[in-house]
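What follows is coords.cif (mmCIF, C-alpha atoms and all ligand atoms).
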data_work
loop_
_atom_site.label_atom_id
_atom_site.label_comp_id
_atom_site.auth_asym_id
_atom_site.auth_seq_id
_atom_site.Cartn_x
_atom_site.Cartn_y
_atom_site.Cartn_z
CA MET R 30 9.63 15.99 -5.06
CA ALA R 31 6.91 13.35 -4.68
CA GLN R 32 4.77 12.54 -1.67
CA VAL R 33 3.12 9.57 -0.04
CA ILE R 34 -0.06 10.45 1.79
CA LEU R 35 -1.21 7.78 4.22
CA LEU R 36 -4.98 7.47 3.82
CA GLY R 37 -5.13 4.73 6.46
CA THR R 38 -2.64 3.11 8.83
CA GLY R 39 -4.66 0.47 10.72
CA ALA R 40 -4.60 -3.33 10.54
CA ALA R 41 -7.54 -5.40 9.25
CA TRP R 42 -9.29 -4.72 12.55
CA SER R 43 -8.94 -0.95 12.66
CA GLY R 44 -9.60 1.41 15.57
CA PRO R 45 -11.53 4.70 15.94
CA ASP R 46 -8.62 6.83 14.72
CA ARG R 47 -7.33 4.65 11.92
CA GLU R 48 -8.71 3.52 8.59
CA ASN R 49 -7.31 0.29 7.08
CA THR R 50 -3.88 0.74 5.53
CA PHE R 51 -3.76 2.32 2.08
CA MET R 52 -1.93 5.28 0.57
CA LEU R 53 -1.65 7.71 -2.30
CA VAL R 54 1.64 8.28 -4.11
CA ARG R 55 1.34 11.78 -5.47
CA GLY R 56 3.66 13.15 -8.13
CA LYS R 57 3.55 16.20 -10.35
CA THR R 58 1.55 14.44 -13.05
CA THR R 59 0.78 10.95 -11.73
CA ASN R 60 -1.35 9.66 -8.85
CA VAL R 61 -0.88 6.04 -7.81
CA LEU R 62 -3.15 4.54 -5.17
CA ILE R 63 -1.63 1.62 -3.28
CA ASP R 64 -4.39 -0.61 -1.92
CA CYS R 65 -7.93 0.55 -1.61
CA GLY R 66 -9.58 0.08 1.78
CA GLY R 67 -12.16 2.10 3.65
CA SER R 68 -14.09 4.76 1.81
CA PRO R 69 -11.42 5.98 -0.63
CA THR R 70 -13.45 8.92 -1.94
CA GLN R 71 -14.00 10.24 1.58
CA ARG R 72 -10.30 9.87 2.43
CA LEU R 73 -9.22 11.47 -0.87
CA ALA R 74 -11.66 14.36 -0.26
CA HIS R 75 -9.66 15.17 2.90
CA ILE R 76 -6.62 15.88 0.75
CA GLY R 77 -8.45 17.50 -2.16
CA VAL R 78 -8.05 14.67 -4.67
CA LYS R 79 -11.01 13.38 -6.73
CA PRO R 80 -11.53 9.72 -7.75
CA ASP R 81 -11.13 10.68 -11.40
CA GLU R 82 -7.59 11.96 -10.69
CA ILE R 83 -6.26 8.47 -9.85
CA ASP R 84 -4.18 7.08 -12.74
CA HIS R 85 -3.11 3.71 -11.31
CA ILE R 86 -4.31 1.43 -8.51
CA ILE R 87 -1.96 -1.28 -7.23
CA LEU R 88 -3.70 -3.92 -5.12
CA THR R 89 -1.13 -5.76 -2.97
CA HIS R 90 -3.44 -8.70 -2.24
CA ASN R 91 -7.05 -9.73 -2.06
CA HIS R 92 -7.79 -9.41 1.64
CA PRO R 93 -10.81 -7.19 2.40
CA ASP R 94 -8.87 -4.53 4.33
CA HIS R 95 -6.76 -3.89 1.20
CA ILE R 96 -9.41 -4.15 -1.50
CA TYR R 97 -12.93 -3.45 -0.23
CA GLY R 98 -12.91 0.23 -1.21
CA PHE R 99 -12.16 -0.67 -4.84
CA PRO R 100 -15.75 -0.94 -6.14
CA LEU R 101 -16.80 2.29 -4.43
CA LEU R 102 -13.85 4.22 -5.85
CA LEU R 103 -14.68 3.00 -9.36
CA LEU R 104 -18.39 3.75 -8.87
CA ASN R 105 -17.51 7.30 -7.82
CA ALA R 106 -15.13 7.75 -10.79
CA TRP R 107 -17.98 6.66 -13.10
CA MET R 108 -20.42 9.01 -11.31
CA ALA R 109 -17.95 11.82 -12.03
CA GLY R 110 -18.25 10.92 -15.73
CA ARG R 111 -14.77 9.51 -16.06
CA GLN R 112 -14.16 7.93 -19.46
CA ARG R 113 -10.36 7.96 -19.23
CA ALA R 114 -9.20 4.42 -18.44
CA ILE R 115 -8.05 3.56 -14.95
CA ASN R 116 -5.13 1.11 -14.60
CA VAL R 117 -5.39 -1.66 -12.01
CA HIS R 118 -2.30 -3.72 -11.16
CA GLY R 119 -2.09 -6.89 -9.08
CA LEU R 120 -1.32 -10.57 -8.91
CA ARG R 121 -3.44 -12.92 -10.98
CA GLY R 122 -5.64 -13.94 -8.01
CA THR R 123 -6.05 -10.36 -6.86
CA ILE R 124 -7.14 -9.22 -10.32
CA ARG R 125 -9.60 -12.12 -10.41
CA SER R 126 -11.05 -11.02 -7.04
CA ALA R 127 -11.27 -7.39 -8.17
CA LYS R 128 -13.21 -8.43 -11.27
CA ASN R 129 -15.44 -10.76 -9.22
CA ILE R 130 -16.31 -7.99 -6.75
CA LEU R 131 -17.48 -5.75 -9.60
CA LYS R 132 -19.45 -8.66 -11.09
CA ALA R 133 -21.09 -9.46 -7.75
CA LEU R 134 -22.21 -5.84 -7.50
CA ASP R 135 -23.69 -5.86 -11.06
CA PHE R 136 -21.35 -3.19 -12.41
CA HIS R 137 -22.04 -4.54 -15.92
CA LEU R 138 -25.51 -2.95 -15.65
CA LEU R 139 -24.04 0.57 -15.31
CA PRO R 140 -24.10 2.31 -18.70
CA ASN R 141 -20.87 3.64 -20.24
CA PHE R 142 -18.81 2.45 -17.33
CA THR R 143 -15.28 3.83 -16.88
CA PRO R 144 -12.85 1.62 -18.85
CA ILE R 145 -10.56 -0.46 -16.65
CA HIS R 146 -7.19 -1.73 -17.86
CA TYR R 147 -6.02 -4.67 -15.78
CA HIS R 148 -2.28 -5.41 -15.51
CA LYS R 149 -1.26 -8.77 -14.06
CA ILE R 150 2.01 -8.90 -12.13
CA PHE R 151 4.13 -12.07 -12.08
CA PRO R 152 6.93 -11.55 -9.57
CA ASN R 153 9.64 -14.15 -9.00
CA SER R 154 11.80 -12.38 -6.49
CA VAL R 155 12.08 -8.64 -7.22
CA THR R 156 10.34 -7.67 -10.47
CA SER R 157 10.12 -4.28 -12.19
CA LEU R 158 6.63 -3.28 -13.29
CA SER R 159 5.87 -1.23 -16.38
CA PRO R 160 6.56 2.46 -15.63
CA MET R 161 3.70 4.43 -14.07
CA GLY R 162 4.08 8.05 -15.18
CA GLU R 163 7.00 9.60 -13.31
CA PHE R 164 7.44 6.54 -11.08
CA ASP R 165 9.32 3.26 -11.48
CA ILE R 166 7.85 0.51 -9.34
CA ALA R 167 9.25 -2.86 -8.34
CA ALA R 168 7.33 -5.65 -6.61
CA ALA R 169 8.33 -8.74 -4.63
CA PRO R 170 6.32 -11.62 -3.17
CA THR R 171 5.84 -11.59 0.62
CA THR R 172 4.99 -14.30 3.16
CA HIS R 173 1.28 -13.99 3.95
CA PHE R 174 -1.87 -16.15 3.93
CA VAL R 175 -2.52 -15.33 0.27
CA PRO R 176 -0.09 -14.24 -2.49
CA THR R 177 0.92 -10.67 -1.67
CA LEU R 178 3.23 -8.01 -3.09
CA ALA R 179 5.68 -5.70 -1.34
CA LEU R 180 6.51 -2.57 -3.36
CA ARG R 181 9.34 -0.17 -3.99
CA VAL R 182 8.41 3.17 -5.55
CA THR R 183 11.15 5.31 -7.12
CA GLU R 184 10.71 8.83 -8.42
CA ARG R 185 12.58 8.59 -11.73
CA ALA R 186 13.74 12.22 -11.78
CA THR R 187 15.49 12.10 -8.40
CA GLY R 188 16.14 8.39 -7.86
CA GLU R 189 14.61 8.72 -4.37
CA ALA R 190 12.60 5.72 -3.24
CA PHE R 191 10.43 4.31 -0.47
CA ALA R 192 9.16 0.78 0.15
CA TYR R 193 5.97 -0.73 1.56
CA SER R 194 6.04 -4.25 2.99
CA ALA R 195 2.28 -4.85 2.64
CA ASP R 196 1.21 -7.80 4.83
CA THR R 197 4.04 -10.20 5.60
CA SER R 198 6.07 -12.23 8.02
CA PRO R 199 9.80 -11.46 7.82
CA ASN R 200 10.86 -12.20 4.26
CA ASP R 201 14.14 -11.81 2.33
CA ASN R 202 12.38 -10.62 -0.85
CA VAL R 203 10.88 -7.76 1.13
CA VAL R 204 14.31 -6.84 2.50
CA GLN R 205 15.69 -6.91 -1.03
CA VAL R 206 12.95 -4.70 -2.49
CA ALA R 207 13.45 -2.17 0.33
CA ARG R 208 17.24 -2.00 0.18
CA ASN R 209 18.63 1.50 0.91
CA VAL R 210 15.28 3.30 0.53
CA LYS R 211 14.70 6.66 2.17
CA PHE R 212 11.87 5.26 4.30
CA PHE R 213 10.31 1.85 4.77
CA LEU R 214 6.65 1.47 5.62
CA HIS R 215 6.68 -1.91 7.34
CA GLU R 216 3.67 -3.58 8.85
CA ALA R 217 3.68 -4.15 12.62
CA THR R 218 0.43 -5.92 13.38
CA MET R 219 1.81 -7.20 16.71
CA LEU R 220 4.28 -5.86 19.27
CA ASP R 221 6.65 -8.72 20.13
CA GLU R 222 4.84 -12.06 19.83
CA PRO R 223 5.35 -13.43 16.31
CA LYS R 224 2.36 -14.90 14.50
CA GLU R 225 2.15 -16.49 11.10
CA GLY R 226 1.57 -14.15 8.14
CA HIS R 227 2.28 -10.84 9.90
CA SER R 228 5.17 -9.05 11.62
CA THR R 229 5.89 -7.71 15.08
CA ALA R 230 7.41 -4.27 15.64
CA GLU R 231 10.58 -6.07 16.72
CA GLU R 232 10.71 -7.98 13.45
CA ALA R 233 10.02 -4.81 11.44
CA GLY R 234 13.09 -3.28 13.12
CA GLU R 235 15.19 -6.27 12.16
CA GLU R 236 14.03 -6.10 8.53
CA ALA R 237 14.71 -2.35 8.36
CA SER R 238 18.20 -2.97 9.67
CA LYS R 239 18.89 -5.72 7.11
CA ALA R 240 17.60 -3.48 4.30
CA ASN R 241 19.71 -0.54 5.52
CA VAL R 242 16.84 1.95 5.15
CA GLY R 243 16.94 5.57 6.25
CA GLU R 244 13.78 5.55 8.36
CA LEU R 245 11.33 2.90 9.55
CA ILE R 246 7.66 3.83 9.68
CA LEU R 247 5.45 1.23 11.36
CA ILE R 248 2.07 0.80 9.67
CA HIS R 249 -0.88 -1.68 9.64
CA VAL R 250 -0.99 -1.37 13.42
CA PRO R 251 -3.77 -2.77 15.64
CA PRO R 252 -6.41 -0.71 17.51
CA ASN R 253 -4.59 -1.22 20.84
CA VAL R 254 -1.28 0.08 19.47
CA GLU R 255 0.84 1.94 22.02
CA PRO R 256 3.17 3.97 19.78
CA LYS R 257 5.91 4.28 22.42
CA LYS R 258 6.05 0.51 22.94
CA TRP R 259 5.95 -0.26 19.20
CA ARG R 260 8.72 2.26 18.57
CA ALA R 261 10.88 0.93 21.42
CA ALA R 262 10.43 -2.68 20.22
CA ALA R 263 11.53 -1.76 16.68
CA LYS R 264 14.43 0.33 18.01
CA GLN R 265 15.92 -2.74 19.70
CA ASN R 266 16.88 -3.97 16.24
CA PHE R 267 17.25 -0.79 14.18
CA ARG R 268 19.50 2.19 14.84
CA GLY R 269 17.79 4.62 12.45
CA LYS R 270 14.74 6.79 13.02
CA VAL R 271 11.51 4.92 13.86
CA ARG R 272 7.95 6.17 14.17
CA VAL R 273 4.41 4.86 14.10
CA ALA R 274 2.39 6.10 11.13
CA ASN R 275 -0.79 8.11 11.57
CA ASP R 276 -3.65 8.62 9.14
CA PHE R 277 -3.03 11.56 6.79
CA ASP R 278 0.71 11.69 7.43
CA VAL R 279 2.42 13.21 4.39
CA ILE R 280 5.95 11.92 3.70
CA GLU R 281 8.16 13.37 0.97
CA PHE R 282 10.67 11.36 -1.00
ZN ZN R 301 -3.95 -6.32 6.02
ZN ZN R 302 -3.69 -9.48 4.42
#

Could you spell out this file's structure in structure tokens?
Ligand SMILES: [Zn+2]
Ligand SMILES: [Zn+2]
Amino acid sequence: MAQVILLGTGAAWSGPDRENTFMLVRGKTTNVLIDCGGSPTQRLAHIGVKPDEIDHIILTHNHPDHIYGFPLLLLNAWMAGRQRAINVHGLRGTIRSAKNILKALDFHLLPNFTPIHYHKIFPNSVTSLSPMGEFDIAAAPTTHFVPTLALRVTERATGEAFAYSADTSPNDNVVQVARNVKFFLHEATMLDEPKEGHSTAEEAGEEASKANVGELILIHVPPNVEPKKWRAAAKQNFRGKVRVANDFDVIEF
């Protein structure tokens, strides 16, 4: 059985109890980090995982709250003497930003730096990525200010899956990639007033209902989030279980 450990659950503007949204998918032999905000090494230390244990990093898009921990994680992996390559997956523009961040910080001056293998993703609607250890991962483009990927992660051995909307307004590709998953981590940056590029808790409920998921977990929530209100708003449109994510929640799939 695999786990998702939520290393952060806040929106771009996070509060005192929430780091920006990112998470670790932890299997028996494979660790996949989805997004890389905050201080990843500090967050991983909480759960006893070292930067050199991460096999793959998937960056959903190039906004700072999803990518700004990337150079620090790589620096720490190099400090730990890692020479095993780390795999970084993302859209063309996201990969370009990741490379540019390392360039801006003069990483080329660090001797014997950890090898990085970049993998560009080209999704049309729902696209399967190359297998990552014991996981099969599919991606789909969302509706956001910059090109962004929603993800579905399936544990090959059991066929169990979860999905993560990343940042998005309601979008049919996201519904498709999340269809019938055990749980759906959907962003709910607002409560009930729609704004371009993001979703309300109400909309997240509607998307969960369309995708026929088992459980809806609201994530990427603002500092003023009132979990009861967010849950109630989502519940208006979704009959299944709903909760608001908290940092360091561990969810099995
Ligand atoms: Zn965001
Ligand atoms: Zn964003």

Pick from R:Gly98, R:Ile86, R:Ser157, R:Glu222: nearest to Gly37 in chain R, with only C-alpha atoms counted?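 The closest residue to Gly37 in chain R is R:Gly98.
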
Nearest residue to ligand ZN 301 (chain R) from the set R:Ile96, R:Leu103, R:Val204, R:Leu131 (distances using all atoms listed in the file):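 Smallest distance to ligand ZN 301 (chain R) is found for R:Ile96.
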
Using only C-alpha atoms, which of the listed residues (R:Ile145, R:Ala41, R:Ala195, R:Val54) sits closest to Asp94 in chain R?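 Checking each of R:Ile145, R:Ala41, R:Ala195, R:Val54 against Asp94 in chain R, counting only C-alpha atoms, the winner is R:Ala41.
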
Straight-line distance linking CA of Gly39 in chain R with CA of Ala109 in chain R, stated in Å to one decimal: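 Spanning CA of Gly39 in chain R to CA of Ala109 in chain R is a straight-line distance of 28.7 Å.
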
When the cut-off is 7 Å and you count all atoms listed in the file, which residues lie near ligand ZN 302 (chain R), shown as a list in words?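 Going residue by residue within 7 Å of ligand ZN 302 (chain R), we get His90, His92, His173, Phe174 and Asp196 of chain R.
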
Step by step: start from the point (-11.5, 11.5, -3.0) in the file's coordinates, keep every protein, DNA or RNA residue that has an atom no farther than 10 Å from it, count all atoms listed in the file, and write the set as a list in words. Ser68, Pro69, Thr70, Gln71, Arg72, Leu73, Ala74, His75, Ile76, Gly77, Val78, Lys79, Pro80, Asp81, Glu82, Ile83, Leu102, Asn105 and Ala106 of chain R

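Shortest separation to Arg125 in chain R among R:Asn153, R:Gln265, R:Asn91, R:Ser198 occurs at residue R:Asn91, atoms counted being all atoms listed in the file.
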
Quick one: of R:Asp135, R:Asp221, R:Glu216, R:Glu281, who's nearest to ligand ZN 301 (chain R), counting all atoms listed in the file?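 Using all atoms listed in the file, the shortest distance to ligand ZN 301 (chain R) belongs to R:Glu216.
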
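CA of Thr171 in chain R lies 22.0 Å from CA of Ala262 in chain R.
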
Please compute the CA of Ala237 in chain R-CA of Trp42 in chain R distance, one decimal, in Å.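 The value is 24.5 Å.
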
When you look at His85 in chain R with a cut-off of 10 Å (counting only C-alpha atoms), what residues show up, excluding the ones that are within fewer than 5 positions of it in the same chain? I need them as a PyMOL selection string. chain R and resi 53-54+59-63+114-118+146-147+161-162

Enumerate, as a PyMOL selection string, the protein, DNA and RNA residues whose atoms approach (-16.0, 7.7, -16.5) to within 8 Å, taking into account only C-alpha atoms and the coordinate frame of the file. chain R and resi 81+106-114+141-144

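With all atoms listed in the file as the atoms that count, the minimum distance from Ala233 in chain R to the choices R:Arg121, R:Lys57, R:His215, R:Arg272 is reached by R:His215.
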
Step by step, gather every atom of range 151-161 of chain R that the file lists, find the box along x, y and z that holds them, add 3 Å on each side, and finally give centre and edge lengths in Å to one decimal, as lines of an AutoDock Vina configuration file.
center_x = 7.9
center_y = -4.9
center_z = -11.4
size_x = 14.4
size_y = 24.6
size_z = 15.9

What lies within 6 Å of Lys211 in chain R using only C-alpha atoms, ignoring chain neighbours under 2 positions off, as a PyMOL selection string? chain R and resi 190-191+242-243

For Phe151 in chain R, list every protein, DNA or RNA residue within 12 Å, evaluated using only C-alpha atoms, and leave out those in the same chain fewer than 6 positions away; present the list as a short mmCIF file (atom, residue, chain, number, x, y, z; two decimals) with C-alpha atoms, in the frame of the given file.
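File produced: result_20.cif:
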data_model
loop_
_atom_site.label_atom_id
_atom_site.label_comp_id
_atom_site.auth_asym_id
_atom_site.auth_seq_id
_atom_site.Cartn_x
_atom_site.Cartn_y
_atom_site.Cartn_z
CA HIS R 118 -2.30 -3.72 -11.16
CA GLY R 119 -2.09 -6.89 -9.08
CA LEU R 120 -1.32 -10.57 -8.91
CA ARG R 121 -3.44 -12.92 -10.98
CA GLY R 122 -5.64 -13.94 -8.01
CA THR R 123 -6.05 -10.36 -6.86
CA ILE R 124 -7.14 -9.22 -10.32
CA SER R 157 10.12 -4.28 -12.19
CA LEU R 158 6.63 -3.28 -13.29
CA SER R 159 5.87 -1.23 -16.38
CA ALA R 167 9.25 -2.86 -8.34
CA ALA R 168 7.33 -5.65 -6.61
CA ALA R 169 8.33 -8.74 -4.63
CA PRO R 170 6.32 -11.62 -3.17
CA PRO R 176 -0.09 -14.24 -2.49
CA THR R 177 0.92 -10.67 -1.67
CA LEU R 178 3.23 -8.01 -3.09
#
